[in-house]
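See below for the structure under consideration.
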Amino acid sequence: MSTERKILARKGFGYALIGLAVTSSLVACTSAARTDAGGGPGDRPVVLAYQNQISTLDPIRADYAQTNFVDQALYDTLVTYDADNEIVGQLASEFAPSPDARSIQMTLRAATFHDGAPVTAEDVRYTLDRTAALGQGIAGQMTGYRGATVTGPQSLTIELAEPNSLFLGALSKIYILNSALVKANEGTDRGQAYLAGHDAGSGPYFLSGPGGADTYTLTRFDDYWAGDEGRPVSLVYRRIDESATQSAELKAGNIDVSFGLTNADAAALDGFSGVTVQSQPVNLQANIFFNVMNGPTANKAVRQAIQMAYDYTGGLATIRGGNGSIATGPLPGKFSCRPEMPAYGQDLEQAKKLLSDAGMSDLTLTMKFQPVFKEQEREATLLQSNLAQIGVTLDLEPIAYADYLSALKSPDSIPQMMLATDFAQYPDPGVMLVKTYKSDQVGTNKSGYSNPTVDALLGRAAETSDAGERCDLYKQAQEDIRNDAVAVNMYTLGQTTAHSNRVTGVGPAVVGSGVWVPAIRVA
């Protein structure tokens with residue numbers, strides 16, 4: 001496998017819920033180089049199951065799992081990450097951040113869009129400007145973007161208003177648009193209506209037909225800069241929300257790839273002829289976040305006692321099916337730059353002593369959870385039982401995710417305790433540490449946490465392009481965060497995938513979570 005193809009096998013997508021509807025129809029775009037499906041067995045489409053509605057194909061919403069699941073096959077980014085969480089080029093053949101982390105020089109490789117137009121520095125500048133101007137979705141990763149100066153047909157300099165060492169990694173989530181095509185269909189909304197159902201990319205597949213009834217068809221683009229005839233000739237995306245239905249369709253041979261199975265359905269599939277089931281850790285962690293500013297959980301001893309009360313081993317084994325590993329700190333186990341810290345464990349006697357020494361008795365607490373996730377409901381009940389063993393009453397309250405996000409706008413409204421999974425759009429430790437634990441990150445700082453030492457460490461990390469120095473700063477910050485008992489970090493979760501044996505290359509992406517579709521090959 002060439003270096004370029006190794007790069008393509010390592011990319012990912014974000015994870016979120018969607019609730020809007022596509023109103024525009026999906027229309028095929030013309031292409032200078034297309035593949036016509038033949039009649040051989042290798043030409044049968046590879047069918048991918050996905051869950052929840054796709055609201056748009058506009059790459060501005062690449063922060064949505066469902067949008068990104070399709071867009072990762074239609075579009076390219078400038079850079080991506082390899083299996084060791086190192087940044088590598090994709091459309092960018094060369095890239096160089098400045099020492100002060102205020103600019104990035106880029107040189108592009110020779111690549112073409114699906115209509116045959118070359119990918120140029122002007123397309124990159126247009127994409128970045130459009131993303132920043134819309135200010136939604138994946139634009140949240142472009143903090144500090146000031147502009148881009150095109151220095152040649154295939155070269156440009158990206159300029160930042162302030163030092164931001166995270167910006168280079170953020171480019172792994174920005175899909176580059178065919179600027180001429182989008183401008184021709186820009187309308188009054190910067191092309192959002194057009195891109196909701198059209199393809200303006202340079203990726204390994206193009207949108208080849210109209211969508212309908214939650215089904216999308218993509219065809220292999222044979223002029224792709226890192227083309228590979230081992231890729232399927234075509235892909236069909238089918239919406240199947242129910243895990244049991246995905247399992248039945250996989251057994252019947254009607255779908256080829258599933259990553260929406262429950263642990264029980266995955267276990268029932270294991271060993272079924274012609275199907276492979278596998279679980280691998282991803283950058284996703286289950287946590288219970290405290291409000292560290294108000295109420296009883298502002299007391300560090302209370303937070304530590306709750307940490308010590310939870311049955312991590314039992315929760316992982318019985319609720320998550322052993323699909324993961326017990327956490328050691330604020331970052332999932334797959335991240336780099338994690339200090340050596342012991343895994344959390346249950347110690348009920350020490351938990352009782354902490355509460356007694358702090359003079360905290362007859363304590364009643366409240367925790368919110370999302371009932372749509374059955375695992376959370378069971379974990380909430382488990383913690384409720386654990387806390388009863390140390391004399392603490394825990395009241396459980398369901399909450400919708402949208403209401404939880406609104407509650408994060410002020411420390412006064414942050415839930416006293418909240419069960420939530422945490423993830424990063426791309427695997428730079430700073431992404432999770434800054435968004436979740438830096439005091440000025442209102443809306444994503446889930447605890448109202450404020451520690452001047454941690455703020456200073458993360459601030460210094462943002463100001464340097466030296467990866468080794470940043471790593472040391474991140475490690476120090478994690479040790480302080482764990483010492484402050486900001487959350488019950490429960491476990492790094494695994495991703496279960498199941499696929500028919502007619503395909504290979506099915507596995508979790510390095511960037512975000514989910515399956516990296518361009519790595520899939522026909523066996």
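By order in the structure tokens, chains are A, B, ...; within a chain, residues start at 1; ligands start at 1, following the order shown.
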
- Query: What are the DSSP helix (DSSP H, G or I) residues of stretch 132-344 of chain A, as number ranges by chain?
  - Reply: A: 132-134, 137-141, 167-173, 179-184, 192-195, 243-252, 263-269, 296-298, 300-309, 312-319

Using only C-alpha atoms, determine which residues lie at most 12 Å from A:Arg378, disregarding the query and same-chain residues fewer than 5 positions distant; provide the list as a PDB file with all heavy atoms, in the first residue's frame.
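Output (around.pdb):
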```pdb
ATOM      1  N   GLY A 314     -18.188  -3.351  37.499  1.00  0.00           N
ATOM      2  CA  GLY A 314     -19.521  -3.881  37.239  1.00  0.00           C
ATOM      3  C   GLY A 314     -20.225  -3.152  36.124  1.00  0.00           C
ATOM      4  O   GLY A 314     -20.901  -3.759  35.284  1.00  0.00           O
ATOM      5  N   GLY A 315     -20.097  -1.821  36.095  1.00  0.00           N
ATOM      6  CA  GLY A 315     -20.745  -1.036  35.046  1.00  0.00           C
ATOM      7  C   GLY A 315     -20.220  -1.381  33.662  1.00  0.00           C
ATOM      8  O   GLY A 315     -20.996  -1.569  32.717  1.00  0.00           O
ATOM      9  N   LEU A 316     -18.901  -1.490  33.561  1.00  0.00           N
ATOM     10  CA  LEU A 316     -18.308  -1.806  32.265  1.00  0.00           C
ATOM     11  C   LEU A 316     -18.710  -3.201  31.801  1.00  0.00           C
ATOM     12  O   LEU A 316     -19.046  -3.411  30.625  1.00  0.00           O
ATOM     13  CB  LEU A 316     -16.783  -1.688  32.344  1.00  0.00           C
ATOM     14  CG  LEU A 316     -16.005  -1.989  31.057  1.00  0.00           C
ATOM     15  CD1 LEU A 316     -16.384  -1.008  29.952  1.00  0.00           C
ATOM     16  CD2 LEU A 316     -14.504  -1.930  31.321  1.00  0.00           C
ATOM     17  N   THR A 318     -21.358  -5.274  32.908  1.00  0.00           N
ATOM     18  CA  THR A 318     -22.777  -5.626  32.772  1.00  0.00           C
ATOM     19  C   THR A 318     -23.571  -4.652  31.912  1.00  0.00           C
ATOM     20  O   THR A 318     -24.549  -5.044  31.278  1.00  0.00           O
ATOM     21  CB  THR A 318     -23.443  -5.712  34.154  1.00  0.00           C
ATOM     22  OG1 THR A 318     -23.385  -4.424  34.797  1.00  0.00           O
ATOM     23  CG2 THR A 318     -22.745  -6.737  35.029  1.00  0.00           C
ATOM     24  N   ILE A 319     -23.160  -3.380  31.891  1.00  0.00           N
ATOM     25  CA  ILE A 319     -23.922  -2.384  31.137  1.00  0.00           C
ATOM     26  C   ILE A 319     -23.324  -2.153  29.760  1.00  0.00           C
ATOM     27  O   ILE A 319     -24.041  -2.051  28.766  1.00  0.00           O
ATOM     28  CB  ILE A 319     -23.995  -1.056  31.921  1.00  0.00           C
ATOM     29  CG1 ILE A 319     -24.716  -1.274  33.255  1.00  0.00           C
ATOM     30  CG2 ILE A 319     -24.711   0.021  31.094  1.00  0.00           C
ATOM     31  CD1 ILE A 319     -24.710  -0.059  34.172  1.00  0.00           C
ATOM     32  N   ARG A 320     -21.997  -2.089  29.683  1.00  0.00           N
ATOM     33  CA  ARG A 320     -21.329  -1.849  28.400  1.00  0.00           C
ATOM     34  C   ARG A 320     -20.806  -3.129  27.774  1.00  0.00           C
ATOM     35  O   ARG A 320     -20.110  -3.088  26.762  1.00  0.00           O
ATOM     36  CB  ARG A 320     -20.177  -0.860  28.589  1.00  0.00           C
ATOM     37  CG  ARG A 320     -20.615   0.502  29.103  1.00  0.00           C
ATOM     38  CD  ARG A 320     -21.343   1.292  28.038  1.00  0.00           C
ATOM     39  NE  ARG A 320     -21.767   2.617  28.528  1.00  0.00           N
ATOM     40  CZ  ARG A 320     -22.240   3.593  27.748  1.00  0.00           C
ATOM     41  NH1 ARG A 320     -22.369   3.395  26.457  1.00  0.00           N
ATOM     42  NH2 ARG A 320     -22.596   4.753  28.277  1.00  0.00           N
ATOM     43  N   PHE A 369     -29.816  12.559  33.265  1.00  0.00           N
ATOM     44  CA  PHE A 369     -29.330  11.600  32.273  1.00  0.00           C
ATOM     45  C   PHE A 369     -30.262  11.641  31.067  1.00  0.00           C
ATOM     46  O   PHE A 369     -31.374  12.166  31.139  1.00  0.00           O
ATOM     47  CB  PHE A 369     -29.275  10.185  32.858  1.00  0.00           C
ATOM     48  CG  PHE A 369     -30.633   9.599  33.143  1.00  0.00           C
ATOM     49  CD1 PHE A 369     -31.242   8.720  32.252  1.00  0.00           C
ATOM     50  CD2 PHE A 369     -31.327   9.941  34.310  1.00  0.00           C
ATOM     51  CE1 PHE A 369     -32.498   8.207  32.505  1.00  0.00           C
ATOM     52  CE2 PHE A 369     -32.585   9.426  34.577  1.00  0.00           C
ATOM     53  CZ  PHE A 369     -33.169   8.555  33.668  1.00  0.00           C
ATOM     54  N   GLN A 370     -29.803  11.099  29.952  1.00  0.00           N
ATOM     55  CA  GLN A 370     -30.604  11.058  28.731  1.00  0.00           C
ATOM     56  C   GLN A 370     -31.263   9.681  28.602  1.00  0.00           C
ATOM     57  O   GLN A 370     -30.588   8.702  28.297  1.00  0.00           O
ATOM     58  CB  GLN A 370     -29.736  11.327  27.508  1.00  0.00           C
ATOM     59  CG  GLN A 370     -29.081  12.709  27.515  1.00  0.00           C
ATOM     60  CD  GLN A 370     -28.121  12.873  26.363  1.00  0.00           C
ATOM     61  OE1 GLN A 370     -28.534  13.025  25.211  1.00  0.00           O
ATOM     62  NE2 GLN A 370     -26.829  12.830  26.657  1.00  0.00           N
ATOM     63  N   PRO A 371     -32.563   9.583  28.821  1.00  0.00           N
ATOM     64  CA  PRO A 371     -33.226   8.278  28.814  1.00  0.00           C
ATOM     65  C   PRO A 371     -33.235   7.604  27.441  1.00  0.00           C
ATOM     66  O   PRO A 371     -33.462   6.402  27.347  1.00  0.00           O
ATOM     67  CB  PRO A 371     -34.650   8.600  29.281  1.00  0.00           C
ATOM     68  CG  PRO A 371     -34.839  10.045  28.962  1.00  0.00           C
ATOM     69  CD  PRO A 371     -33.501  10.680  29.130  1.00  0.00           C
ATOM     70  N   VAL A 372     -32.970   8.387  26.373  1.00  0.00           N
ATOM     71  CA  VAL A 372     -32.926   7.795  25.040  1.00  0.00           C
ATOM     72  C   VAL A 372     -31.802   6.776  24.934  1.00  0.00           C
ATOM     73  O   VAL A 372     -31.853   5.862  24.123  1.00  0.00           O
ATOM     74  CB  VAL A 372     -32.781   8.896  23.957  1.00  0.00           C
ATOM     75  CG1 VAL A 372     -31.436   9.585  24.051  1.00  0.00           C
ATOM     76  CG2 VAL A 372     -33.007   8.320  22.559  1.00  0.00           C
ATOM     77  N   PHE A 373     -30.768   6.929  25.787  1.00  0.00           N
ATOM     78  CA  PHE A 373     -29.667   5.972  25.816  1.00  0.00           C
ATOM     79  C   PHE A 373     -29.897   5.016  26.991  1.00  0.00           C
ATOM     80  O   PHE A 373     -29.746   5.399  28.153  1.00  0.00           O
ATOM     81  CB  PHE A 373     -28.327   6.693  25.953  1.00  0.00           C
ATOM     82  CG  PHE A 373     -28.026   7.639  24.827  1.00  0.00           C
ATOM     83  CD1 PHE A 373     -27.922   9.005  25.045  1.00  0.00           C
ATOM     84  CD2 PHE A 373     -27.859   7.159  23.535  1.00  0.00           C
ATOM     85  CE1 PHE A 373     -27.650   9.870  24.006  1.00  0.00           C
ATOM     86  CE2 PHE A 373     -27.586   8.019  22.483  1.00  0.00           C
ATOM     87  CZ  PHE A 373     -27.486   9.379  22.716  1.00  0.00           C
ATOM     88  N   LEU A 383     -25.299   3.889  39.877  1.00  0.00           N
ATOM     89  CA  LEU A 383     -24.716   4.875  40.786  1.00  0.00           C
ATOM     90  C   LEU A 383     -25.658   5.170  41.943  1.00  0.00           C
ATOM     91  O   LEU A 383     -25.214   5.333  43.092  1.00  0.00           O
ATOM     92  CB  LEU A 383     -24.384   6.161  40.038  1.00  0.00           C
ATOM     93  CG  LEU A 383     -23.769   7.263  40.899  1.00  0.00           C
ATOM     94  CD1 LEU A 383     -22.414   6.832  41.461  1.00  0.00           C
ATOM     95  CD2 LEU A 383     -23.617   8.571  40.122  1.00  0.00           C
ATOM     96  N   GLN A 384     -26.942   5.232  41.676  1.00  0.00           N
ATOM     97  CA  GLN A 384     -27.920   5.466  42.730  1.00  0.00           C
ATOM     98  C   GLN A 384     -27.808   4.394  43.812  1.00  0.00           C
ATOM     99  O   GLN A 384     -27.816   4.689  45.020  1.00  0.00           O
ATOM    100  CB  GLN A 384     -29.325   5.456  42.127  1.00  0.00           C
ATOM    101  CG  GLN A 384     -30.438   5.830  43.083  1.00  0.00           C
ATOM    102  CD  GLN A 384     -31.793   5.778  42.388  1.00  0.00           C
ATOM    103  OE1 GLN A 384     -32.138   4.774  41.765  1.00  0.00           O
ATOM    104  NE2 GLN A 384     -32.544   6.859  42.484  1.00  0.00           N
ATOM    105  N   SER A 385     -27.654   3.141  43.385  1.00  0.00           N
ATOM    106  CA  SER A 385     -27.496   2.037  44.320  1.00  0.00           C
ATOM    107  C   SER A 385     -26.155   2.118  45.068  1.00  0.00           C
ATOM    108  O   SER A 385     -26.094   1.902  46.286  1.00  0.00           O
ATOM    109  CB  SER A 385     -27.589   0.708  43.564  1.00  0.00           C
ATOM    110  OG  SER A 385     -27.307  -0.381  44.407  1.00  0.00           O
ATOM    111  N   LEU A 396     -32.847  10.866  40.372  1.00  0.00           N
ATOM    112  CA  LEU A 396     -32.543  10.815  38.941  1.00  0.00           C
ATOM    113  C   LEU A 396     -33.599  11.571  38.156  1.00  0.00           C
ATOM    114  O   LEU A 396     -34.802  11.406  38.392  1.00  0.00           O
ATOM    115  CB  LEU A 396     -32.485   9.361  38.469  1.00  0.00           C
ATOM    116  CG  LEU A 396     -31.475   8.456  39.197  1.00  0.00           C
ATOM    117  CD1 LEU A 396     -31.572   7.038  38.669  1.00  0.00           C
ATOM    118  CD2 LEU A 396     -30.067   9.013  39.049  1.00  0.00           C
ATOM    119  N   LEU A 419     -24.829  12.750  33.496  1.00  0.00           N
ATOM    120  CA  LEU A 419     -24.232  11.602  32.810  1.00  0.00           C
ATOM    121  C   LEU A 419     -24.120  11.957  31.327  1.00  0.00           C
ATOM    122  O   LEU A 419     -25.121  12.274  30.685  1.00  0.00           O
ATOM    123  CB  LEU A 419     -25.132  10.386  32.976  1.00  0.00           C
ATOM    124  CG  LEU A 419     -24.546   9.129  33.600  1.00  0.00           C
ATOM    125  CD1 LEU A 419     -25.634   8.095  33.826  1.00  0.00           C
ATOM    126  CD2 LEU A 419     -23.439   8.561  32.735  1.00  0.00           C
TER     127      LEU A 419
END
```

- Message: Need the shell around A:Gln441: protein/DNA/RNA residues with any atom at most 12 Å away, counting only C-alpha atoms. Skip same-chain ones fewer than 2 positions apart. Format as a list in words?
- Response: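 Residues near the query, excluding close chain neighbours: Gly140, Thr143, Leu408, Lys409, Ser410, Pro411, Val431, Met432, Leu433, Val434, Lys435, Thr436, Tyr437, Lys438, Ser439, Gly443, Thr444, Asn445, Lys446, Ser447, Gly448, Tyr449, Ser450, Asp455 and Leu458 of chain A.
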
Would you mind exporting N, CA, C and O atoms of the selected residues as a tab-separated table (two decimals), in the first residue's frame?
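What ended up in result_29.tsv:
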```tsv
chain	number	residue	atom	x	y	z
A	140	GLY	N	-17.08	25.87	14.47
A	140	GLY	CA	-16.67	25.96	15.87
A	140	GLY	C	-15.25	25.47	16.10
A	140	GLY	O	-14.65	25.77	17.15
A	143	THR	N	-11.45	28.43	15.55
A	143	THR	CA	-11.23	29.56	16.45
A	143	THR	C	-10.01	30.37	16.01
A	143	THR	O	-8.93	29.83	15.80
A	408	LEU	N	-25.84	24.64	29.98
A	408	LEU	CA	-24.41	24.89	30.12
A	408	LEU	C	-24.04	26.36	29.90
A	408	LEU	O	-22.88	26.74	30.07
A	409	LYS	N	-25.00	27.18	29.55
A	409	LYS	CA	-24.70	28.58	29.25
A	409	LYS	C	-24.35	29.40	30.49
A	409	LYS	O	-23.82	30.49	30.38
A	410	SER	N	-24.66	28.87	31.67
A	410	SER	CA	-24.35	29.58	32.90
A	410	SER	C	-24.03	28.57	34.00
A	410	SER	O	-24.70	27.54	34.11
A	411	PRO	N	-23.00	28.85	34.85
A	411	PRO	CA	-22.69	27.95	35.97
A	411	PRO	C	-23.88	27.76	36.90
A	411	PRO	O	-23.99	26.72	37.56
A	431	VAL	N	-8.13	19.48	22.18
A	431	VAL	CA	-9.53	19.68	21.77
A	431	VAL	C	-10.46	19.44	22.95
A	431	VAL	O	-11.32	20.26	23.28
A	432	MET	N	-10.29	18.30	23.63
A	432	MET	CA	-11.14	17.98	24.76
A	432	MET	C	-10.76	18.79	26.00
A	432	MET	O	-11.64	19.25	26.74
A	433	LEU	N	-9.48	18.97	26.22
A	433	LEU	CA	-9.05	19.66	27.44
A	433	LEU	C	-9.48	21.12	27.43
A	433	LEU	O	-9.99	21.64	28.43
A	434	VAL	N	-9.31	21.80	26.31
A	434	VAL	CA	-9.69	23.22	26.23
A	434	VAL	C	-11.19	23.38	26.31
A	434	VAL	O	-11.72	24.16	27.11
A	435	LYS	N	-11.92	22.64	25.46
A	435	LYS	CA	-13.37	22.81	25.38
A	435	LYS	C	-14.07	22.45	26.70
A	435	LYS	O	-15.06	23.06	27.08
A	436	THR	N	-13.54	21.45	27.39
A	436	THR	CA	-14.26	20.91	28.56
A	436	THR	C	-13.77	21.48	29.88
A	436	THR	O	-14.54	21.53	30.85
A	437	TYR	N	-12.51	21.94	29.94
A	437	TYR	CA	-11.95	22.30	31.25
A	437	TYR	C	-11.36	23.71	31.33
A	437	TYR	O	-10.98	24.13	32.43
A	438	LYS	N	-11.28	24.44	30.24
A	438	LYS	CA	-10.77	25.81	30.31
A	438	LYS	C	-11.91	26.74	30.76
A	438	LYS	O	-13.04	26.63	30.28
A	439	SER	N	-11.61	27.64	31.68
A	439	SER	CA	-12.67	28.40	32.35
A	439	SER	C	-13.46	29.31	31.42
A	439	SER	O	-14.62	29.62	31.69
A	443	GLY	N	-20.42	27.08	27.70
A	443	GLY	CA	-21.22	26.32	26.75
A	443	GLY	C	-20.67	24.94	26.48
A	443	GLY	O	-21.42	24.03	26.09
A	444	THR	N	-19.36	24.74	26.69
A	444	THR	CA	-18.77	23.41	26.54
A	444	THR	C	-18.07	22.97	27.82
A	444	THR	O	-17.78	21.78	27.98
A	445	ASN	N	-17.78	23.90	28.72
A	445	ASN	CA	-17.21	23.57	30.03
A	445	ASN	C	-18.35	23.00	30.87
A	445	ASN	O	-19.17	23.74	31.42
A	446	LYS	N	-18.41	21.69	30.95
A	446	LYS	CA	-19.59	21.01	31.49
A	446	LYS	C	-19.71	21.07	33.00
A	446	LYS	O	-20.71	20.63	33.56
A	447	SER	N	-18.67	21.60	33.68
A	447	SER	CA	-18.69	21.63	35.14
A	447	SER	C	-18.61	23.03	35.72
A	447	SER	O	-18.69	23.20	36.94
A	448	GLY	N	-18.43	24.04	34.86
A	448	GLY	CA	-18.16	25.38	35.38
A	448	GLY	C	-16.78	25.43	36.02
A	448	GLY	O	-16.51	26.29	36.86
A	449	TYR	N	-15.92	24.54	35.62
A	449	TYR	CA	-14.60	24.38	36.23
A	449	TYR	C	-13.71	25.58	35.93
A	449	TYR	O	-13.66	26.08	34.81
A	450	SER	N	-12.99	26.02	36.96
A	450	SER	CA	-12.07	27.15	36.81
A	450	SER	C	-10.85	26.91	37.70
A	450	SER	O	-10.95	26.94	38.92
A	455	ASP	N	-5.76	26.72	33.31
A	455	ASP	CA	-5.93	27.73	32.25
A	455	ASP	C	-4.58	28.16	31.68
A	455	ASP	O	-4.42	28.28	30.46
A	458	LEU	N	-3.00	25.31	29.52
A	458	LEU	CA	-3.65	25.18	28.22
A	458	LEU	C	-3.39	26.40	27.34
A	458	LEU	O	-3.28	26.27	26.11
```

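Near stretch 302-310 of chain A, within a cut-off of 6 Å and counting only C-alpha atoms, sit the residues Thr297, Gln346, Asp347, Leu348, Ala351, Leu383, Asn386, Ala485 and Val488 of chain A, with same-chain residues fewer than 4 positions away left out.
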